[in-house]
file entry_11.txt (compact mmCIF, C-alpha atoms)
# COMPACT_ATOMS: atom_id res chain seq x y z
CA MET A 1 -36.64 62.42 8.99
CA LEU A 2 -39.16 64.22 6.87
CA ARG A 3 -38.02 66.00 3.78
CA ALA A 4 -40.29 67.64 1.29
CA LEU A 5 -38.86 67.57 -2.16
CA ALA A 6 -39.26 70.62 -4.35
CA ALA A 7 -42.63 70.76 -6.04
CA CYS A 8 -42.55 68.99 -9.35
CA LEU A 9 -44.97 69.70 -12.11
CA VAL A 10 -44.88 66.99 -14.73
CA PHE A 11 -47.02 66.91 -17.83
CA VAL A 12 -46.98 63.57 -19.56
CA ALA A 13 -49.22 63.06 -22.57
CA LEU A 14 -49.68 59.36 -23.06
CA PRO A 15 -51.53 58.41 -26.24
CA ALA A 16 -52.87 54.89 -26.46
CA GLY A 17 -51.45 52.19 -28.63
CA ALA A 18 -48.41 50.07 -27.95
CA GLY A 19 -45.41 51.51 -29.71
CA SER A 20 -46.92 54.97 -30.22
CA GLU A 21 -45.29 56.29 -27.04
CA GLU A 22 -41.64 56.10 -26.02
CA PHE A 23 -41.00 53.22 -23.59
CA ILE A 24 -40.31 54.49 -20.06
CA ASP A 25 -39.41 52.09 -17.24
CA ASP A 26 -37.66 54.20 -14.61
CA ARG A 27 -37.78 53.11 -10.99
CA SER A 28 -35.17 55.58 -9.72
CA SER A 29 -37.55 57.94 -7.88
CA PRO A 30 -41.18 57.95 -6.74
CA GLU A 31 -42.09 60.43 -9.49
CA ARG A 32 -40.48 58.32 -12.23
CA VAL A 33 -42.24 55.17 -11.01
CA VAL A 34 -45.65 56.83 -11.42
CA VAL A 35 -44.64 58.33 -14.80
CA SER A 36 -43.61 54.80 -15.83
CA LEU A 37 -46.93 53.41 -14.57
CA TYR A 38 -48.93 55.71 -16.83
CA ASN A 39 -46.53 55.13 -19.73
CA ALA A 40 -47.24 51.41 -19.46
CA ILE A 41 -51.00 52.04 -19.32
CA SER A 42 -50.75 54.27 -22.38
CA ARG A 43 -48.86 51.58 -24.26
CA GLN A 44 -51.45 49.01 -23.14
CA GLU A 45 -48.71 47.10 -21.31
CA TYR A 46 -50.91 46.28 -18.35
CA LEU A 47 -48.66 43.62 -16.82
CA ARG A 48 -45.79 46.12 -16.71
CA ALA A 49 -48.12 48.73 -15.21
CA TRP A 50 -49.27 46.24 -12.57
CA SER A 51 -45.63 45.41 -11.73
CA TYR A 52 -45.04 48.89 -10.29
CA PHE A 53 -47.25 47.97 -7.32
CA GLY A 54 -46.05 46.07 -4.27
CA ASN A 55 -47.64 42.80 -3.19
CA GLY A 56 -51.33 43.30 -2.47
CA ALA A 57 -51.29 47.01 -3.34
CA ALA A 58 -53.19 46.61 -6.62
CA PRO A 59 -56.31 44.65 -7.52
CA PRO A 60 -55.83 41.18 -9.02
CA PHE A 61 -54.19 41.49 -12.45
CA GLU A 62 -57.29 40.74 -14.53
CA ALA A 63 -59.36 43.40 -12.72
CA PHE A 64 -56.48 45.90 -12.97
CA ARG A 65 -56.07 45.27 -16.71
CA ASP A 66 -59.79 45.46 -17.41
CA GLY A 67 -60.07 48.73 -15.50
CA TYR A 68 -57.77 50.45 -18.02
CA ARG A 69 -58.94 48.81 -21.27
CA ASP A 70 -60.87 51.92 -22.38
CA THR A 71 -58.11 54.44 -21.58
CA ALA A 72 -56.82 56.24 -24.68
CA ALA A 73 -54.60 58.95 -23.16
CA VAL A 74 -53.46 60.26 -19.79
CA GLU A 75 -51.90 63.55 -18.74
CA LEU A 76 -50.20 63.55 -15.34
CA ARG A 77 -49.31 66.36 -12.94
CA VAL A 78 -47.27 65.63 -9.83
CA GLY A 79 -47.25 67.76 -6.70
CA ALA A 80 -44.69 68.11 -3.90
CA ILE A 81 -43.37 64.72 -2.81
CA ALA A 82 -42.86 64.16 0.91
CA SER A 83 -40.46 61.40 1.94
CA GLU A 84 -39.60 59.97 5.34
CA GLY A 85 -36.99 57.39 6.27
CA ALA A 86 -37.82 54.65 8.76
CA ALA A 87 -36.16 51.34 9.67
CA GLY A 88 -34.17 50.94 6.47
CA SER A 89 -36.92 52.11 4.14
CA ILE A 90 -37.94 55.39 2.56
CA HIS A 91 -41.67 56.06 2.44
CA SER A 92 -42.95 58.73 0.06
CA GLN A 93 -46.33 60.33 -0.54
CA MET A 94 -46.98 61.91 -3.90
CA PRO A 95 -50.08 63.98 -4.78
CA VAL A 96 -51.21 63.70 -8.38
CA ALA A 97 -53.75 65.03 -10.85
CA LEU A 98 -54.72 63.11 -13.98
CA ARG A 99 -56.67 63.98 -17.08
CA ALA A 100 -57.78 60.72 -18.68
CA THR A 101 -59.31 60.46 -22.12
CA ALA A 102 -61.33 57.33 -22.85
CA THR A 103 -61.45 55.58 -26.20
CA ASP A 104 -64.94 57.07 -26.75
CA GLY A 105 -63.53 60.60 -26.32
CA THR A 106 -64.90 61.34 -22.85
CA VAL A 107 -62.49 63.13 -20.53
CA GLY A 108 -62.26 62.86 -16.76
CA VAL A 109 -60.08 64.62 -14.21
CA TYR A 110 -58.90 62.71 -11.15
CA VAL A 111 -56.92 63.68 -8.07
CA GLY A 112 -55.34 61.57 -5.40
CA CYS A 113 -52.20 60.40 -3.70
CA TYR A 114 -49.79 57.54 -4.26
CA ARG A 115 -47.73 56.01 -1.45
CA LEU A 116 -44.41 54.50 -2.47
CA VAL A 117 -41.74 52.61 -0.55
CA GLN A 118 -38.09 51.92 -1.20
CA VAL A 119 -35.96 49.54 0.82
CA GLN A 120 -32.56 51.20 1.18
CA PRO A 121 -30.50 49.74 -1.70
CA ALA A 122 -27.34 49.45 0.44
CA LEU A 123 -29.22 47.25 2.92
CA GLN A 124 -30.39 44.75 0.30
CA GLU A 125 -28.07 41.75 0.32
CA VAL A 126 -30.30 38.87 -0.80
CA PRO A 127 -31.79 38.58 -4.32
CA PRO A 128 -33.97 39.68 -5.84
CA PHE A 129 -33.33 43.42 -5.69
CA ARG A 130 -36.45 45.31 -4.61
CA PRO A 131 -36.94 48.61 -6.47
CA ILE A 132 -39.26 51.45 -5.45
CA VAL A 133 -42.87 50.21 -5.53
CA ILE A 134 -46.29 51.75 -5.12
CA ASP A 135 -47.69 50.41 -1.87
CA GLY A 136 -51.02 52.20 -1.92
CA GLY A 137 -53.01 55.12 -3.09
CA ALA A 138 -56.37 56.35 -4.18
CA LEU A 139 -57.83 58.49 -6.95
CA ARG A 140 -61.19 60.23 -7.10
CA SER A 141 -62.90 62.19 -9.84
CA THR A 142 -63.13 65.95 -9.53
CA ALA A 143 -64.92 68.77 -11.34
CA GLU A 144 -61.89 71.02 -10.88
CA PRO A 145 -60.01 71.88 -14.11
CA PHE A 146 -56.94 69.73 -14.72
CA GLU A 147 -54.70 72.80 -14.82
CA THR A 148 -55.48 73.64 -11.17
CA ALA A 149 -56.50 70.27 -9.75
CA MET A 150 -54.13 68.49 -7.37
CA GLY A 151 -54.54 65.65 -4.94
CA THR A 152 -53.64 65.79 -1.28
CA CYS A 153 -51.81 63.28 0.85
CA GLY A 154 -52.05 62.71 4.53

call {"tool": "encode", "arguments": {"input": "entry_11.txt", "output": "structure tokens"}}
result
Amino acid sequence: MLRALAACLVFVALPAGAGSEEFIDDRSSPERVVVSLYNAISRQEYLRAWSYFGNGAAPPFEAFRDGYRDTAAVELRVGAIASEGAAGSIHSQMPVALRATATDGTVGVYVGCYRLVQVQPALQEVPPFRPIVIDGGALRSTAEPFETAMGTCG
């Protein structure tokens, strides 16, 4: 069953520096997982950021961490999330737009799509509990202004 959730527009300003941003670790919806991902990156908590990805969905930890070392701030916009249930899991696709500011002050705009999966909680009977995880996605740079940029999924 395919259900498109109402379009969500989320602006999250994430300044760099552990402790300078409120701690967010919310795995209750696809949107909140991605918000939590960028909160962890902002706080330079790269292991926590990496933990939002399923097995094999992110680069090895060291490469992941090093890829974000120069990120000073991120603003996130989320588009309409499409979710589909299949065989005890819910698969979601979430378009995003990001405005990333590097530590040297350069700014880039990126668009893309994250894929997330959730095993139905009621079907999980053996530890450990498996929360919603990012199981794939891609971002690309764009010249479009952040205010109008949005990724596509599909």

call {"tool": "closest_atom_pairs", "arguments": {"input": "entry_11.txt", "of": "range 33-65 of chain A", "to": "range 80-102 of chain A", "cutoff": "12 Å", "atoms": "all atoms listed in the file", "output": "tab-separated table"}}
result
residue	atom	partner	partner_atom	distance
A:Val33	CA	A:Met94	CA	10.9
A:Val34	CA	A:Met94	CA	9.2
A:Val35	CA	A:Val96	CA	10.6
A:Tyr38	CA	A:Leu98	CA	9.8
A:Ile41	CA	A:Ala100	CA	11.0
A:Ser42	CA	A:Ala100	CA	10.2

call {"tool": "residues_around", "arguments": {"input": "entry_11.txt", "residues": "Arg140 in chain A", "least_positions_apart": "4", "cutoff": "8 Å", "atoms": "all atoms listed in the file", "output": "mmCIF file with C-alpha atoms, keeping the file's coordinate frame"}}
result
data_model
loop_
_atom_site.group_PDB
_atom_site.id
_atom_site.type_symbol
_atom_site.label_atom_id
_atom_site.label_comp_id
_atom_site.auth_asym_id
_atom_site.auth_seq_id
_atom_site.Cartn_x
_atom_site.Cartn_y
_atom_site.Cartn_z
ATOM 1 C CA TYR A 110 -58.900 62.710 -11.150
ATOM 2 C CA VAL A 111 -56.920 63.680 -8.070
ATOM 3 C CA GLY A 112 -55.340 61.570 -5.400
#

call {"tool": "atom_distance", "arguments": {"input": "entry_11.txt", "atom1": "CA of Phe146 in chain A", "atom2": "CA of Val74 in chain A"}}
result
11.3 Å

call {"tool": "axis_aligned_box", "arguments": {"input": "entry_11.txt", "around": "range 27-32 of chain A", "padding_each_side": "8 Å", "output": "lines of an AutoDock Vina configuration file"}}
result
center_x = -38.6
center_y = 56.8
center_z = -9.5
size_x = 22.9
size_y = 23.3
size_z = 21.5

call {"tool": "atom_distance", "arguments": {"input": "entry_11.txt", "atom1": "CA of Leu37 in chain A", "atom2": "CA of Asp104 in chain A"}}
result
22.0 Å

call {"tool": "atom_distance", "arguments": {"input": "entry_11.txt", "atom1": "CA of Gly54 in chain A", "atom2": "CA of Asp135 in chain A"}}
result
5.2 Å

call {"tool": "closest_residue", "arguments": {"input": "entry_11.txt", "among": "A:Thr142, A:Gln124, A:Ser36, A:Asn55", "to": "Val109 in chain A", "atoms": "all atoms listed in the file"}}
result
A:Thr142

call {"tool": "closest_residue", "arguments": {"input": "entry_11.txt", "among": "A:Phe64, A:Ile132, A:Leu47, A:Thr152", "to": "Gln120 in chain A", "atoms": "all atoms listed in the file"}}
result
A:Ile132

call {"tool": "closest_residue", "arguments": {"input": "entry_11.txt", "among": "A:Ala58, A:Thr103, A:Glu75, A:Glu21", "to": "Glu45 in chain A", "atoms": "only C-alpha atoms"}}
result
A:Glu21

call {"tool": "build_atoms", "arguments": {"input": "entry_11.txt", "residues": "range 41-56 of chain A", "atoms": "N, CA and C atoms", "output": "tab-separated table (two decimals), keeping the file's coordinate frame"}}
result
chain	number	residue	atom	x	y	z
A	41	ILE	N	-49.56	52.05	-19.05
A	41	ILE	CA	-51.00	52.04	-19.32
A	41	ILE	C	-51.26	52.59	-20.72
A	42	SER	N	-50.59	53.68	-21.06
A	42	SER	CA	-50.75	54.27	-22.38
A	42	SER	C	-50.38	53.29	-23.49
A	43	ARG	N	-49.32	52.53	-23.26
A	43	ARG	CA	-48.86	51.58	-24.26
A	43	ARG	C	-49.63	50.26	-24.20
A	44	GLN	N	-50.63	50.21	-23.34
A	44	GLN	CA	-51.45	49.01	-23.14
A	44	GLN	C	-50.61	47.83	-22.67
A	45	GLU	N	-49.58	48.12	-21.90
A	45	GLU	CA	-48.71	47.10	-21.31
A	45	GLU	C	-49.12	46.94	-19.84
A	46	TYR	N	-50.27	46.31	-19.67
A	46	TYR	CA	-50.91	46.28	-18.35
A	46	TYR	C	-50.13	45.46	-17.34
A	47	LEU	N	-49.46	44.40	-17.76
A	47	LEU	CA	-48.66	43.62	-16.82
A	47	LEU	C	-47.50	44.46	-16.29
A	48	ARG	N	-46.86	45.22	-17.17
A	48	ARG	CA	-45.79	46.12	-16.71
A	48	ARG	C	-46.35	47.16	-15.76
A	49	ALA	N	-47.50	47.74	-16.09
A	49	ALA	CA	-48.12	48.73	-15.21
A	49	ALA	C	-48.39	48.12	-13.83
A	50	TRP	N	-48.92	46.93	-13.83
A	50	TRP	CA	-49.27	46.24	-12.57
A	50	TRP	C	-48.01	45.96	-11.75
A	51	SER	N	-46.88	45.76	-12.42
A	51	SER	CA	-45.63	45.41	-11.73
A	51	SER	C	-45.07	46.55	-10.90
A	52	TYR	N	-45.54	47.77	-11.09
A	52	TYR	CA	-45.04	48.89	-10.29
A	52	TYR	C	-45.64	48.90	-8.88
A	53	PHE	N	-46.61	48.05	-8.63
A	53	PHE	CA	-47.25	47.97	-7.32
A	53	PHE	C	-46.61	46.87	-6.49
A	54	GLY	N	-46.52	47.10	-5.18
A	54	GLY	CA	-46.05	46.07	-4.27
A	54	GLY	C	-47.11	45.00	-4.08
A	55	ASN	N	-46.72	43.91	-3.43
A	55	ASN	CA	-47.64	42.80	-3.19
A	55	ASN	C	-48.91	43.27	-2.48
A	56	GLY	N	-50.05	42.97	-3.08
A	56	GLY	CA	-51.33	43.30	-2.47
A	56	GLY	C	-51.75	44.75	-2.60
